[in-house]
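Here's the structure we're looking at; comments come further down.
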Amino acid sequence: MSTSTVTPGLDALFQPFQLRGLALRNRFVMAPMTRQQSPGGVPNEANQGYYGRRAEAEVGLLLTEGTFIDRPGYLHTPGVPRFHGAEALAGWGGVVAEVHARGGAIAPQLWHVGSQPTDPKSPVETEGPASMTLADVEDTIAAYGRAAAEAKRMGVDALEIHGAHGYLIDQFFYGKTNQRTDAYGGASHGERTRFGVEVIKAVRQAVGPEMVVILRLSQWKADDYAARNATTPRELEAWLGPLSDAGTDIFHMSQRRFWEPEFEGSDLNAAGWAKKLTGKPTITVGSVGISNDFLTTFASDDLSKPEANLGELVRRFERGDFDLVAVGRALLEDPEWLRKVKDGRHDELQSFTRESLGRYY
Ligand SMILES: Cc1cc2nc3c(=O)[nH]c(=O)nc-3n(C[C@H](O)[C@H](O)[C@H](O)COP(=O)(O)O)c2cc1C
C-alpha cells in the first residue's frame with residue numbers, strides 16, 4: 001500500500017520550478033526517447049496514452065521523442081513523428097491536450113538527424129555540414145523557426161532543440177564533422193557554434209520572450225561515444241557562451257551516467273559545469289534510478305536494476321549543480337516510476353531490460 005511520505009532526502013526534487021512562462025510541479029523531466037510508434041509520422045491515440053500516462057503519474061515536464069523539422073532527411077526512420085504538415089501537427093495537438101488534461105507539461109524536441117545514417121536503407125539523401133549549401137543552411141534555420149511557431153500556436157509549455165548526440169546541430173559544433181570554410185565553419189568553437197546560435201535566435205524570434213527554450217547538448221556522438229566537443233572548461237565556455245547569449249534558457253546536458261565528472265580535478269558533471277559557466281538553469285540526465293547505462297541496455301541482456309543512486313543525485317542537486325533531472329528508461333519501463341519513488345515504494349520498481357525497449361505503454 002502506498003504512503004504519501006516522500007522518500008527522505010528527495011523532498012527537494014519535488015519542489016516546483018518556475019522560469020518565465022514555464023511552471024512545473026516538480027523537478028522531474030521525462031528524457032526525450034524515440035519510439036517509432038507514429039505510423040506515417042503522425043502522432044496518434046496510442047501516443048496520447050503514452051504521454052498522458054506519464055503526465056498523470058506526476059512527471060513535471062515531458063520532453064517528447066525527437067520530432068522532425070521540415071527538411072529533407074526527416075523520413076530516415078519510419079514511425080518517427082514529424083513536426084510539420086497539418087496532419088502531424090493536429091496529432092501533436094491531441095497529445096498536448098491529453099497531457100494538459102492530466103495536469104502535465106510538455107515540450108517537443110525538435111530534431112534534424114543531419115548526415116547521421118539512422119536508417120541505411122532509406123532512399124532519402126542525407127544532409128550535413130559537408131553537403132549543405134548556404135541556401136540549405138538558411139532554409140534549415142527557417143524550418144526550426146516555423147516548427148517553433150507551430151509549437152507556440154499549439155500551446156506547448158516549452159521547446160527543446162536537439163543539439164546533441166552527433167545529429168545536425170552537433171555536426172556543426174564538432175570540428176571533425178564541420179570542415180566548412182565559410183562563416184558556419186572554422187577552427188574555433190565560436191565559429192562552429194554559429195549555426196546553433198542562429199537556430200536558437202530563429203526559435204526565440206518565433207516564440208517570443210516568455211517561452212522557455214531548452215537546448216540539449218552532449219559531448220558524445222551516437223556513432224562515436226568517445227568523441228568530445230570540449231576537452232577543457234575554457235572550451236566548454238567558448239561553446240556554450242554564444243548559445244546562452246543567443247537566448248537558450250536551459251541547458252540539457254546529456255551524459256550516460258550523471259555521477260561522472262566532466263573534467264579532471266572536479267566532480268562536477270556536464271550539467272554542473274554548464275550551470276557554473278553560463279549561470280543558466282540546467283537539466284542533468286543519465287542512469288538516474290537505474291544501475292547500468294543505456295548503451296549497455298542496447299548491447300546486452302544485463303539486468304538494469306531499479307536501484308539507488310538517488311542519494312548521490314540529491315547531494316548534487318542540493319549543492320546547486322542542476323535544477324531539473326531527466327529520467328529515460330526508468331519511465332519507459334514504468335509510467336508510475338515517479339509516484340513509486342515519491343512514496344518510497346522501492347520494492348515495486350521493476351528492472352529495465354532490453355525487452356522493455358520493445359513495449360509501448
Ligand atoms: C529508446 C531510447 C530512445 C532515445 N531517443 C532519444 C531522442 O529521440 N532524443 C534524445 O535527445 N535522446 C534520446 N535518447 C537518450 C535519452 O534521452 C537519455 O539521455 C538516455 O536514455 C539516458 O537516460 P536514462 O539512463 O535515464 O535512460 C534515447 C534513449 C533511449 C533509451
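Naming works like this for the C-alpha cells: A, B, ... for the chains as they're shown, residue 1 at the start of each chain, ligands 1 onward in shown order.
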Neighbours of ligand 1 at 9 Å or closer, counting only C-alpha atoms and all ligand atoms: which residues, as a PDB file with N, CA and C atoms, in the first residue's frame?
```
ATOM      1  N   MET A  30      10.756  13.859 -18.162  1.00  0.00           N
ATOM      2  CA  MET A  30      10.967  12.645 -18.952  1.00  0.00           C
ATOM      3  C   MET A  30      11.938  12.962 -20.081  1.00  0.00           C
ATOM      4  N   ALA A  31      12.995  12.163 -20.185  1.00  0.00           N
ATOM      5  CA  ALA A  31      14.006  12.378 -21.233  1.00  0.00           C
ATOM      6  C   ALA A  31      13.374  12.091 -22.599  1.00  0.00           C
ATOM      7  N   PRO A  32      13.843  12.784 -23.647  1.00  0.00           N
ATOM      8  CA  PRO A  32      13.303  12.530 -24.981  1.00  0.00           C
ATOM      9  C   PRO A  32      13.709  11.131 -25.448  1.00  0.00           C
ATOM     10  N   MET A  33      12.738  10.357 -25.908  1.00  0.00           N
ATOM     11  CA  MET A  33      13.064   8.994 -26.355  1.00  0.00           C
ATOM     12  C   MET A  33      12.293   8.608 -27.614  1.00  0.00           C
ATOM     13  N   THR A  34      13.049   8.382 -28.677  1.00  0.00           N
ATOM     14  CA  THR A  34      12.488   7.941 -29.948  1.00  0.00           C
ATOM     15  C   THR A  34      11.812   6.589 -29.765  1.00  0.00           C
ATOM     16  N   ARG A  35      10.565   6.464 -30.192  1.00  0.00           N
ATOM     17  CA  ARG A  35       9.836   5.215 -30.014  1.00  0.00           C
ATOM     18  C   ARG A  35       9.376   4.602 -31.327  1.00  0.00           C
ATOM     19  N   LEU A  63       9.541  15.748 -22.077  1.00  0.00           N
ATOM     20  CA  LEU A  63      10.198  16.092 -23.334  1.00  0.00           C
ATOM     21  C   LEU A  63       9.801  15.004 -24.317  1.00  0.00           C
ATOM     22  N   THR A  64       9.298  15.397 -25.470  1.00  0.00           N
ATOM     23  CA  THR A  64       8.856  14.369 -26.406  1.00  0.00           C
ATOM     24  C   THR A  64      10.061  13.705 -27.061  1.00  0.00           C
ATOM     25  N   GLU A  65       9.812  12.577 -27.679  1.00  0.00           N
ATOM     26  CA  GLU A  65      10.778  11.977 -28.591  1.00  0.00           C
ATOM     27  C   GLU A  65      11.182  13.016 -29.637  1.00  0.00           C
ATOM     28  N   GLY A  66      12.359  12.862 -30.235  1.00  0.00           N
ATOM     29  CA  GLY A  66      12.764  13.777 -31.295  1.00  0.00           C
ATOM     30  C   GLY A  66      11.712  13.790 -32.400  1.00  0.00           C
ATOM     31  N   THR A  67      11.332  14.990 -32.866  1.00  0.00           N
ATOM     32  CA  THR A  67      10.305  15.111 -33.901  1.00  0.00           C
ATOM     33  C   THR A  67      10.839  16.032 -35.005  1.00  0.00           C
ATOM     34  N   VAL A  80       8.825   7.754 -36.830  1.00  0.00           N
ATOM     35  CA  VAL A  80       9.204   8.935 -36.039  1.00  0.00           C
ATOM     36  C   VAL A  80       8.252  10.073 -36.403  1.00  0.00           C
ATOM     37  N   GLN A 109      10.720  17.949 -28.738  1.00  0.00           N
ATOM     38  CA  GLN A 109      12.152  18.026 -29.046  1.00  0.00           C
ATOM     39  C   GLN A 109      12.322  18.098 -30.559  1.00  0.00           C
ATOM     40  N   TRP A 111      14.083  18.082 -34.081  1.00  0.00           N
ATOM     41  CA  TRP A 111      15.200  17.201 -34.458  1.00  0.00           C
ATOM     42  C   TRP A 111      15.460  17.274 -35.947  1.00  0.00           C
ATOM     43  N   ILE A 161      15.486  22.045 -28.322  1.00  0.00           N
ATOM     44  CA  ILE A 161      16.215  21.884 -29.573  1.00  0.00           C
ATOM     45  C   ILE A 161      17.240  20.772 -29.358  1.00  0.00           C
ATOM     46  N   HIS A 162      17.211  19.772 -30.242  1.00  0.00           N
ATOM     47  CA  HIS A 162      18.156  18.657 -30.127  1.00  0.00           C
ATOM     48  C   HIS A 162      19.481  19.068 -30.768  1.00  0.00           C
ATOM     49  N   GLY A 163      20.412  19.462 -29.909  1.00  0.00           N
ATOM     50  CA  GLY A 163      21.731  19.865 -30.410  1.00  0.00           C
ATOM     51  C   GLY A 163      22.800  18.860 -30.003  1.00  0.00           C
ATOM     52  N   ALA A 164      22.379  17.620 -29.709  1.00  0.00           N
ATOM     53  CA  ALA A 164      23.286  16.628 -29.110  1.00  0.00           C
ATOM     54  C   ALA A 164      23.525  15.427 -30.019  1.00  0.00           C
ATOM     55  N   HIS A 165      24.330  14.495 -29.509  1.00  0.00           N
ATOM     56  CA  HIS A 165      24.442  13.119 -29.997  1.00  0.00           C
ATOM     57  C   HIS A 165      24.931  12.970 -31.432  1.00  0.00           C
ATOM     58  N   ARG A 216      19.490  20.858 -25.902  1.00  0.00           N
ATOM     59  CA  ARG A 216      20.150  19.631 -25.445  1.00  0.00           C
ATOM     60  C   ARG A 216      21.495  19.486 -26.137  1.00  0.00           C
ATOM     61  N   LEU A 217      22.521  19.260 -25.347  1.00  0.00           N
ATOM     62  CA  LEU A 217      23.882  19.127 -25.872  1.00  0.00           C
ATOM     63  C   LEU A 217      24.537  17.883 -25.277  1.00  0.00           C
ATOM     64  N   MET A 253      22.181  18.782 -20.463  1.00  0.00           N
ATOM     65  CA  MET A 253      23.486  18.199 -20.759  1.00  0.00           C
ATOM     66  C   MET A 253      23.404  16.679 -20.706  1.00  0.00           C
ATOM     67  N   SER A 254      23.420  16.076 -21.875  1.00  0.00           N
ATOM     68  CA  SER A 254      23.220  14.636 -21.977  1.00  0.00           C
ATOM     69  C   SER A 254      24.520  13.880 -21.701  1.00  0.00           C
ATOM     70  N   GLN A 255      24.467  13.023 -20.687  1.00  0.00           N
ATOM     71  CA  GLN A 255      25.581  12.115 -20.434  1.00  0.00           C
ATOM     72  C   GLN A 255      25.023  10.769 -20.014  1.00  0.00           C
ATOM     73  N   ARG A 256      25.883   9.749 -20.085  1.00  0.00           N
ATOM     74  CA  ARG A 256      25.374   8.393 -19.850  1.00  0.00           C
ATOM     75  C   ARG A 256      25.143   8.120 -18.371  1.00  0.00           C
ATOM     76  N   ARG A 257      26.001   8.686 -17.516  1.00  0.00           N
ATOM     77  CA  ARG A 257      25.879   8.447 -16.075  1.00  0.00           C
ATOM     78  C   ARG A 257      26.068   9.785 -15.375  1.00  0.00           C
ATOM     79  N   PHE A 258      25.044  10.219 -14.661  1.00  0.00           N
ATOM     80  CA  PHE A 258      25.049  11.596 -14.148  1.00  0.00           C
ATOM     81  C   PHE A 258      26.156  11.850 -13.127  1.00  0.00           C
ATOM     82  N   VAL A 285      21.025  14.273 -16.639  1.00  0.00           N
ATOM     83  CA  VAL A 285      20.417  13.025 -17.107  1.00  0.00           C
ATOM     84  C   VAL A 285      21.491  11.949 -17.131  1.00  0.00           C
ATOM     85  N   GLY A 286      21.047  10.700 -17.124  1.00  0.00           N
ATOM     86  CA  GLY A 286      21.975   9.591 -17.312  1.00  0.00           C
ATOM     87  C   GLY A 286      21.937   8.582 -16.195  1.00  0.00           C
ATOM     88  N   SER A 287      21.179   7.506 -16.412  1.00  0.00           N
ATOM     89  CA  SER A 287      21.118   6.376 -15.482  1.00  0.00           C
ATOM     90  C   SER A 287      20.566   6.750 -14.114  1.00  0.00           C
ATOM     91  N   VAL A 288      19.667   7.725 -14.067  1.00  0.00           N
ATOM     92  CA  VAL A 288      19.002   8.059 -12.797  1.00  0.00           C
ATOM     93  C   VAL A 288      18.088   6.891 -12.423  1.00  0.00           C
ATOM     94  N   GLY A 289      18.266   6.386 -11.209  1.00  0.00           N
ATOM     95  CA  GLY A 289      17.412   5.310 -10.713  1.00  0.00           C
ATOM     96  C   GLY A 289      17.608   3.988 -11.421  1.00  0.00           C
ATOM     97  N   ILE A 290      18.758   3.798 -12.003  1.00  0.00           N
ATOM     98  CA  ILE A 290      18.981   2.590 -12.802  1.00  0.00           C
ATOM     99  C   ILE A 290      20.475   2.279 -12.719  1.00  0.00           C
ATOM    100  N   SER A 291      20.848   0.982 -12.773  1.00  0.00           N
ATOM    101  CA  SER A 291      22.243   0.687 -12.443  1.00  0.00           C
ATOM    102  C   SER A 291      23.176   0.596 -13.640  1.00  0.00           C
ATOM    103  N   ASN A 292      22.653   0.331 -14.843  1.00  0.00           N
ATOM    104  CA  ASN A 292      23.593   0.349 -15.975  1.00  0.00           C
ATOM    105  C   ASN A 292      23.208   1.443 -16.956  1.00  0.00           C
ATOM    106  N   ASP A 293      24.139   1.847 -17.786  1.00  0.00           N
ATOM    107  CA  ASP A 293      23.832   2.962 -18.679  1.00  0.00           C
ATOM    108  C   ASP A 293      23.104   2.469 -19.918  1.00  0.00           C
ATOM    109  N   PHE A 294      22.530   3.389 -20.678  1.00  0.00           N
ATOM    110  CA  PHE A 294      21.581   2.958 -21.706  1.00  0.00           C
ATOM    111  C   PHE A 294      22.246   2.283 -22.883  1.00  0.00           C
ATOM    112  N   LEU A 295      23.537   2.474 -23.066  1.00  0.00           N
ATOM    113  CA  LEU A 295      24.209   1.759 -24.162  1.00  0.00           C
ATOM    114  C   LEU A 295      24.332   0.285 -23.809  1.00  0.00           C
ATOM    115  N   THR A 297      22.182  -1.290 -22.140  1.00  0.00           N
ATOM    116  CA  THR A 297      20.854  -1.840 -22.392  1.00  0.00           C
ATOM    117  C   THR A 297      20.712  -2.255 -23.845  1.00  0.00           C
ATOM    118  N   PHE A 298      21.217  -1.430 -24.755  1.00  0.00           N
ATOM    119  CA  PHE A 298      21.103  -1.766 -26.171  1.00  0.00           C
ATOM    120  C   PHE A 298      21.965  -2.979 -26.512  1.00  0.00           C
ATOM    121  N   ALA A 326      16.383  14.662 -15.712  1.00  0.00           N
ATOM    122  CA  ALA A 326      15.663  13.890 -16.736  1.00  0.00           C
ATOM    123  C   ALA A 326      15.863  12.398 -16.509  1.00  0.00           C
ATOM    124  N   VAL A 327      14.783  11.668 -16.701  1.00  0.00           N
ATOM    125  CA  VAL A 327      14.764  10.232 -16.478  1.00  0.00           C
ATOM    126  C   VAL A 327      14.262   9.576 -17.756  1.00  0.00           C
ATOM    127  N   GLY A 328      15.046   8.634 -18.278  1.00  0.00           N
ATOM    128  CA  GLY A 328      14.681   7.984 -19.521  1.00  0.00           C
ATOM    129  C   GLY A 328      14.093   6.603 -19.294  1.00  0.00           C
ATOM    130  N   ARG A 329      14.983   5.600 -19.286  1.00  0.00           N
ATOM    131  CA  ARG A 329      14.500   4.209 -19.301  1.00  0.00           C
ATOM    132  C   ARG A 329      13.605   3.851 -18.115  1.00  0.00           C
ATOM    133  N   ALA A 330      13.883   4.412 -16.948  1.00  0.00           N
ATOM    134  CA  ALA A 330      13.047   4.047 -15.793  1.00  0.00           C
ATOM    135  C   ALA A 330      11.591   4.409 -16.060  1.00  0.00           C
ATOM    136  N   LEU A 331      11.370   5.503 -16.795  1.00  0.00           N
ATOM    137  CA  LEU A 331       9.999   5.925 -17.114  1.00  0.00           C
ATOM    138  C   LEU A 331       9.421   5.199 -18.325  1.00  0.00           C
ATOM    139  N   LEU A 332      10.294   4.610 -19.133  1.00  0.00           N
ATOM    140  CA  LEU A 332       9.782   3.761 -20.214  1.00  0.00           C
ATOM    141  C   LEU A 332       9.234   2.479 -19.631  1.00  0.00           C
ATOM    142  N   LEU A 357      12.494  -2.155 -24.071  1.00  0.00           N
ATOM    143  CA  LEU A 357      12.525  -1.205 -25.186  1.00  0.00           C
ATOM    144  C   LEU A 357      11.433  -1.498 -26.203  1.00  0.00           C
ATOM    145  N   GLY A 358      11.030  -2.742 -26.285  1.00  0.00           N
ATOM    146  CA  GLY A 358      10.057  -3.151 -27.302  1.00  0.00           C
ATOM    147  C   GLY A 358       8.617  -2.878 -26.904  1.00  0.00           C
TER     148      GLY A 358
END
```
request  = Excluding Pro43 of chain A and any residue of its chain fewer than 5 positions from it, enumerate the residues within 8 Å of it, using only C-alpha atoms, and give them as a VMD selection string.
outcome  = chain A and resid 37 to 38 48 81 88 91 to 92 95
Pull N, CA and C atoms from the residues just selected and write them as a CSV table (one decimal), in the first residue's frame.
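Here's the written file out07.csv:
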```csv
chain,number,residue,atom,x,y,z
A,37,GLN,N,6.7,5.0,-33.0
A,37,GLN,CA,5.3,4.5,-32.8
A,37,GLN,C,4.2,5.4,-33.4
A,38,SER,N,4.7,6.2,-34.4
A,38,SER,CA,3.7,7.1,-35.0
A,38,SER,C,3.7,6.8,-36.5
A,48,GLN,N,-0.9,9.5,-27.5
A,48,GLN,CA,-1.6,10.3,-26.5
A,48,GLN,C,-1.6,9.6,-25.1
A,81,PRO,N,7.7,10.7,-35.4
A,81,PRO,CA,6.7,11.7,-35.7
A,81,PRO,C,7.3,13.0,-36.3
A,88,ALA,N,0.2,15.9,-39.0
A,88,ALA,CA,1.1,15.6,-37.9
A,88,ALA,C,0.9,16.6,-36.8
A,91,GLY,N,-2.1,15.9,-34.9
A,91,GLY,CA,-1.8,14.7,-34.0
A,91,GLY,C,-1.1,15.2,-32.7
A,92,TRP,N,-0.1,16.1,-32.9
A,92,TRP,CA,0.6,16.6,-31.7
A,92,TRP,C,-0.3,17.4,-30.9
A,95,VAL,N,-1.9,15.2,-28.5
A,95,VAL,CA,-1.0,14.8,-27.4
A,95,VAL,C,-0.9,15.9,-26.4
```
Counting only C-alpha atoms, what is within 7 Å of Ala105 of chain A, bar same-chain residues fewer than 6 positions away, as a PDB file with C-alpha atoms, in the first residue's frame?
```
ATOM      1  CA  GLY A  60       6.903  17.516 -14.102  1.00  0.00           C
ATOM      2  CA  LEU A  61       7.858  18.032 -17.743  1.00  0.00           C
ATOM      3  CA  LEU A  62       7.603  15.603 -20.645  1.00  0.00           C
ATOM      4  CA  VAL A  99      -1.024  15.891 -21.287  1.00  0.00           C
ATOM      5  CA  ASP A 157       4.816  24.606 -22.391  1.00  0.00           C
TER       6      ASP A 157
END
```
message = Please identify the alpha helix (DSSP H) residues within segment 225-348 of chain A (assignment by DSSP from backbone atoms) and present them as a PyMOL selection string.
response = chain A and resi 233-245+270-278+294-299+310-319+329-333+337-343
Segment 207-209 of chain A: which residues within 12 Å, counting only C-alpha atoms, same-chain residues fewer than 6 positions away excluded, as a PDB file with N, CA and C atoms, in the first residue's frame?
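Saved as out.pdb:
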```
ATOM      1  N   LEU A  19      10.224  29.190 -14.378  1.00  0.00           N
ATOM      2  CA  LEU A  19      11.135  30.022 -15.167  1.00  0.00           C
ATOM      3  C   LEU A  19      10.290  30.705 -16.240  1.00  0.00           C
ATOM      4  N   ARG A  20      10.139  32.014 -16.128  1.00  0.00           N
ATOM      5  CA  ARG A  20       9.270  32.791 -17.013  1.00  0.00           C
ATOM      6  C   ARG A  20       7.964  32.051 -17.314  1.00  0.00           C
ATOM      7  N   GLY A  21       7.731  31.660 -18.576  1.00  0.00           N
ATOM      8  CA  GLY A  21       6.435  31.064 -18.899  1.00  0.00           C
ATOM      9  C   GLY A  21       6.279  29.606 -18.489  1.00  0.00           C
ATOM     10  N   LEU A  22       7.288  29.022 -17.874  1.00  0.00           N
ATOM     11  CA  LEU A  22       7.233  27.586 -17.570  1.00  0.00           C
ATOM     12  C   LEU A  22       7.068  27.351 -16.067  1.00  0.00           C
ATOM     13  N   TYR A 144      13.438  25.481 -38.442  1.00  0.00           N
ATOM     14  CA  TYR A 144      13.367  25.432 -36.970  1.00  0.00           C
ATOM     15  C   TYR A 144      12.417  26.528 -36.474  1.00  0.00           C
ATOM     16  N   GLY A 145      12.520  27.708 -37.069  1.00  0.00           N
ATOM     17  CA  GLY A 145      11.658  28.815 -36.651  1.00  0.00           C
ATOM     18  C   GLY A 145      10.184  28.501 -36.912  1.00  0.00           C
ATOM     19  N   ARG A 146       9.905  27.900 -38.063  1.00  0.00           N
ATOM     20  CA  ARG A 146       8.499  27.555 -38.390  1.00  0.00           C
ATOM     21  C   ARG A 146       7.963  26.526 -37.393  1.00  0.00           C
ATOM     22  N   ALA A 147       8.780  25.531 -37.090  1.00  0.00           N
ATOM     23  CA  ALA A 147       8.334  24.499 -36.130  1.00  0.00           C
ATOM     24  C   ALA A 147       8.059  25.130 -34.766  1.00  0.00           C
ATOM     25  N   ALA A 148       8.934  26.060 -34.381  1.00  0.00           N
ATOM     26  CA  ALA A 148       8.756  26.711 -33.072  1.00  0.00           C
ATOM     27  C   ALA A 148       7.459  27.524 -33.052  1.00  0.00           C
ATOM     28  N   ALA A 149       7.173  28.207 -34.168  1.00  0.00           N
ATOM     29  CA  ALA A 149       5.936  28.993 -34.234  1.00  0.00           C
ATOM     30  C   ALA A 149       4.716  28.073 -34.134  1.00  0.00           C
ATOM     31  N   GLU A 150       4.772  26.921 -34.801  1.00  0.00           N
ATOM     32  CA  GLU A 150       3.663  25.953 -34.715  1.00  0.00           C
ATOM     33  C   GLU A 150       3.507  25.453 -33.277  1.00  0.00           C
ATOM     34  N   ALA A 151       4.630  25.198 -32.643  1.00  0.00           N
ATOM     35  CA  ALA A 151       4.582  24.687 -31.267  1.00  0.00           C
ATOM     36  C   ALA A 151       3.920  25.706 -30.350  1.00  0.00           C
ATOM     37  N   LYS A 152       4.270  26.964 -30.556  1.00  0.00           N
ATOM     38  CA  LYS A 152       3.675  28.004 -29.714  1.00  0.00           C
ATOM     39  C   LYS A 152       2.172  28.079 -29.950  1.00  0.00           C
ATOM     40  N   ARG A 153       1.782  28.052 -31.232  1.00  0.00           N
ATOM     41  CA  ARG A 153       0.349  28.094 -31.560  1.00  0.00           C
ATOM     42  C   ARG A 153      -0.412  26.940 -30.904  1.00  0.00           C
ATOM     43  N   MET A 154       0.256  25.810 -30.835  1.00  0.00           N
ATOM     44  CA  MET A 154      -0.361  24.596 -30.278  1.00  0.00           C
ATOM     45  C   MET A 154      -0.494  24.669 -28.760  1.00  0.00           C
ATOM     46  N   GLY A 155       0.257  25.560 -28.133  1.00  0.00           N
ATOM     47  CA  GLY A 155       0.142  25.701 -26.682  1.00  0.00           C
ATOM     48  C   GLY A 155       1.069  24.809 -25.881  1.00  0.00           C
ATOM     49  N   VAL A 156       2.217  24.420 -26.467  1.00  0.00           N
ATOM     50  CA  VAL A 156       3.180  23.638 -25.676  1.00  0.00           C
ATOM     51  C   VAL A 156       3.730  24.516 -24.548  1.00  0.00           C
ATOM     52  N   ASP A 157       4.345  23.879 -23.570  1.00  0.00           N
ATOM     53  CA  ASP A 157       4.816  24.606 -22.391  1.00  0.00           C
ATOM     54  C   ASP A 157       6.245  25.114 -22.535  1.00  0.00           C
ATOM     55  N   ALA A 158       7.016  24.476 -23.396  1.00  0.00           N
ATOM     56  CA  ALA A 158       8.404  24.886 -23.668  1.00  0.00           C
ATOM     57  C   ALA A 158       8.828  24.161 -24.940  1.00  0.00           C
ATOM     58  N   LEU A 159      10.045  24.407 -25.360  1.00  0.00           N
ATOM     59  CA  LEU A 159      10.581  23.771 -26.567  1.00  0.00           C
ATOM     60  C   LEU A 159      11.957  23.233 -26.258  1.00  0.00           C
ATOM     61  N   ILE A 200      18.862  28.992 -32.506  1.00  0.00           N
ATOM     62  CA  ILE A 200      18.271  29.488 -31.248  1.00  0.00           C
ATOM     63  C   ILE A 200      17.614  30.852 -31.470  1.00  0.00           C
ATOM     64  N   LYS A 201      18.295  31.717 -32.217  1.00  0.00           N
ATOM     65  CA  LYS A 201      17.721  33.052 -32.451  1.00  0.00           C
ATOM     66  C   LYS A 201      16.424  32.964 -33.243  1.00  0.00           C
ATOM     67  N   ALA A 246      22.490  33.808 -27.136  1.00  0.00           N
ATOM     68  CA  ALA A 246      21.505  33.809 -28.231  1.00  0.00           C
ATOM     69  C   ALA A 246      20.080  33.592 -27.732  1.00  0.00           C
ATOM     70  N   GLY A 247      19.936  33.160 -26.475  1.00  0.00           N
ATOM     71  CA  GLY A 247      18.577  33.021 -25.952  1.00  0.00           C
ATOM     72  C   GLY A 247      18.226  31.651 -25.397  1.00  0.00           C
ATOM     73  N   THR A 248      19.220  30.781 -25.210  1.00  0.00           N
ATOM     74  CA  THR A 248      18.940  29.493 -24.558  1.00  0.00           C
ATOM     75  C   THR A 248      18.593  29.761 -23.095  1.00  0.00           C
ATOM     76  N   ASP A 249      17.488  29.173 -22.647  1.00  0.00           N
ATOM     77  CA  ASP A 249      17.077  29.376 -21.251  1.00  0.00           C
ATOM     78  C   ASP A 249      17.598  28.289 -20.335  1.00  0.00           C
TER      79      ASP A 249
END
```
Can you list, as a compact mmCIF listing (two decimals) with N, CA and C atoms, in the first residue's frame, every residue of segment 71-320 of chain A that DSSP puts in strand (DSSP E)?
```
# COMPACT_ATOMS: atom_id res chain seq x y z
N ALA A 105 2.99 18.99 -18.21
CA ALA A 105 3.57 20.00 -19.12
C ALA A 105 4.40 19.25 -20.16
N ILE A 106 4.48 19.81 -21.36
CA ILE A 106 5.14 19.09 -22.45
C ILE A 106 5.92 20.04 -23.34
N ALA A 107 7.07 19.55 -23.80
CA ALA A 107 7.91 20.32 -24.73
C ALA A 107 8.36 19.40 -25.85
N PRO A 108 8.08 19.74 -27.10
CA PRO A 108 8.55 18.89 -28.20
C PRO A 108 10.06 19.05 -28.38
N GLN A 109 10.72 17.95 -28.74
CA GLN A 109 12.15 18.03 -29.05
C GLN A 109 12.32 18.10 -30.56
N LEU A 110 12.72 19.26 -31.06
CA LEU A 110 12.86 19.47 -32.50
C LEU A 110 14.17 18.88 -32.98
N TRP A 111 14.08 18.08 -34.08
CA TRP A 111 15.20 17.20 -34.46
C TRP A 111 15.46 17.27 -35.95
N ALA A 158 7.02 24.48 -23.40
CA ALA A 158 8.40 24.89 -23.67
C ALA A 158 8.83 24.16 -24.94
N LEU A 159 10.05 24.41 -25.36
CA LEU A 159 10.58 23.77 -26.57
C LEU A 159 11.96 23.23 -26.26
N GLU A 160 12.30 22.08 -26.84
CA GLU A 160 13.69 21.64 -26.75
C GLU A 160 14.28 21.51 -28.15
N ILE A 161 15.49 22.05 -28.32
CA ILE A 161 16.22 21.88 -29.57
C ILE A 161 17.24 20.77 -29.36
N HIS A 162 17.21 19.77 -30.24
CA HIS A 162 18.16 18.66 -30.13
C HIS A 162 19.48 19.07 -30.77
N VAL A 212 10.06 29.21 -22.67
CA VAL A 212 11.37 28.69 -22.32
C VAL A 212 11.91 27.81 -23.46
N VAL A 213 13.14 28.09 -23.87
CA VAL A 213 13.81 27.31 -24.92
C VAL A 213 14.95 26.52 -24.27
N ILE A 214 14.85 25.21 -24.40
CA ILE A 214 15.85 24.30 -23.83
C ILE A 214 16.76 23.84 -24.97
N LEU A 215 18.04 23.75 -24.72
CA LEU A 215 18.96 23.23 -25.73
C LEU A 215 19.63 21.98 -25.17
N ARG A 216 19.49 20.86 -25.90
CA ARG A 216 20.15 19.63 -25.44
C ARG A 216 21.50 19.49 -26.14
N LEU A 217 22.52 19.26 -25.35
CA LEU A 217 23.88 19.13 -25.87
C LEU A 217 24.54 17.88 -25.28
N SER A 218 25.53 17.38 -26.00
CA SER A 218 26.34 16.29 -25.44
C SER A 218 27.74 16.37 -26.03
N ILE A 250 17.62 27.05 -20.86
CA ILE A 250 18.04 25.91 -20.03
C ILE A 250 18.96 25.04 -20.88
N PHE A 251 20.08 24.65 -20.32
CA PHE A 251 20.96 23.69 -20.99
C PHE A 251 20.69 22.28 -20.44
N HIS A 252 20.42 21.37 -21.37
CA HIS A 252 20.15 19.98 -21.01
C HIS A 252 21.36 19.17 -21.44
N MET A 253 22.18 18.78 -20.46
CA MET A 253 23.49 18.20 -20.76
C MET A 253 23.40 16.68 -20.71
N SER A 254 23.42 16.08 -21.88
CA SER A 254 23.22 14.64 -21.98
C SER A 254 24.52 13.88 -21.70
N THR A 282 20.06 24.22 -15.51
CA THR A 282 20.44 23.05 -16.30
C THR A 282 19.61 21.82 -15.92
N ILE A 283 19.60 20.88 -16.86
CA ILE A 283 18.98 19.56 -16.64
C ILE A 283 20.11 18.54 -16.67
N THR A 284 20.13 17.65 -15.70
CA THR A 284 21.06 16.52 -15.76
C THR A 284 20.31 15.28 -16.19
N VAL A 285 21.02 14.27 -16.64
CA VAL A 285 20.42 13.03 -17.11
C VAL A 285 21.49 11.95 -17.13
```
For the contact check between segment 185-206 of chain A and segment 167-174 of chain A, emit one row per residue of segment 185-206 of chain A within 6 Å, containing the shortest atom pair and the distance in Å rounded to one decimal, counting only C-alpha atoms, chain then rising number order, as a Markdown table.
```
| residue | atom | partner | partner_atom | distance |
| --- | --- | --- | --- | --- |
| A:Arg192 | CA | A:Phe173 | CA | 5.0 |
| A:Thr193 | CA | A:Phe173 | CA | 5.5 |
| A:Gly196 | CA | A:Ile169 | CA | 6.0 |
```
Can I get the selection written as a JSON list (two decimals), in the first residue's frame, with C-alpha atoms?
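Saved the output as result_13.json:
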```json
[["chain", "number", "residue", "atom", "x", "y", "z"],
["A", 192, "ARG", "CA", 31.34, 26.39, -35.33],
["A", 193, "THR", "CA", 28.66, 27.45, -32.88],
["A", 196, "GLY", "CA", 23.35, 26.62, -33.43]]
```
For Arg359 of chain A, the nearest of the candidates A:Gly279, A:Gly175, A:Pro16, A:Pro335, counting only C-alpha atoms =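 The closest residue to Arg359 of chain A is A:Pro335.
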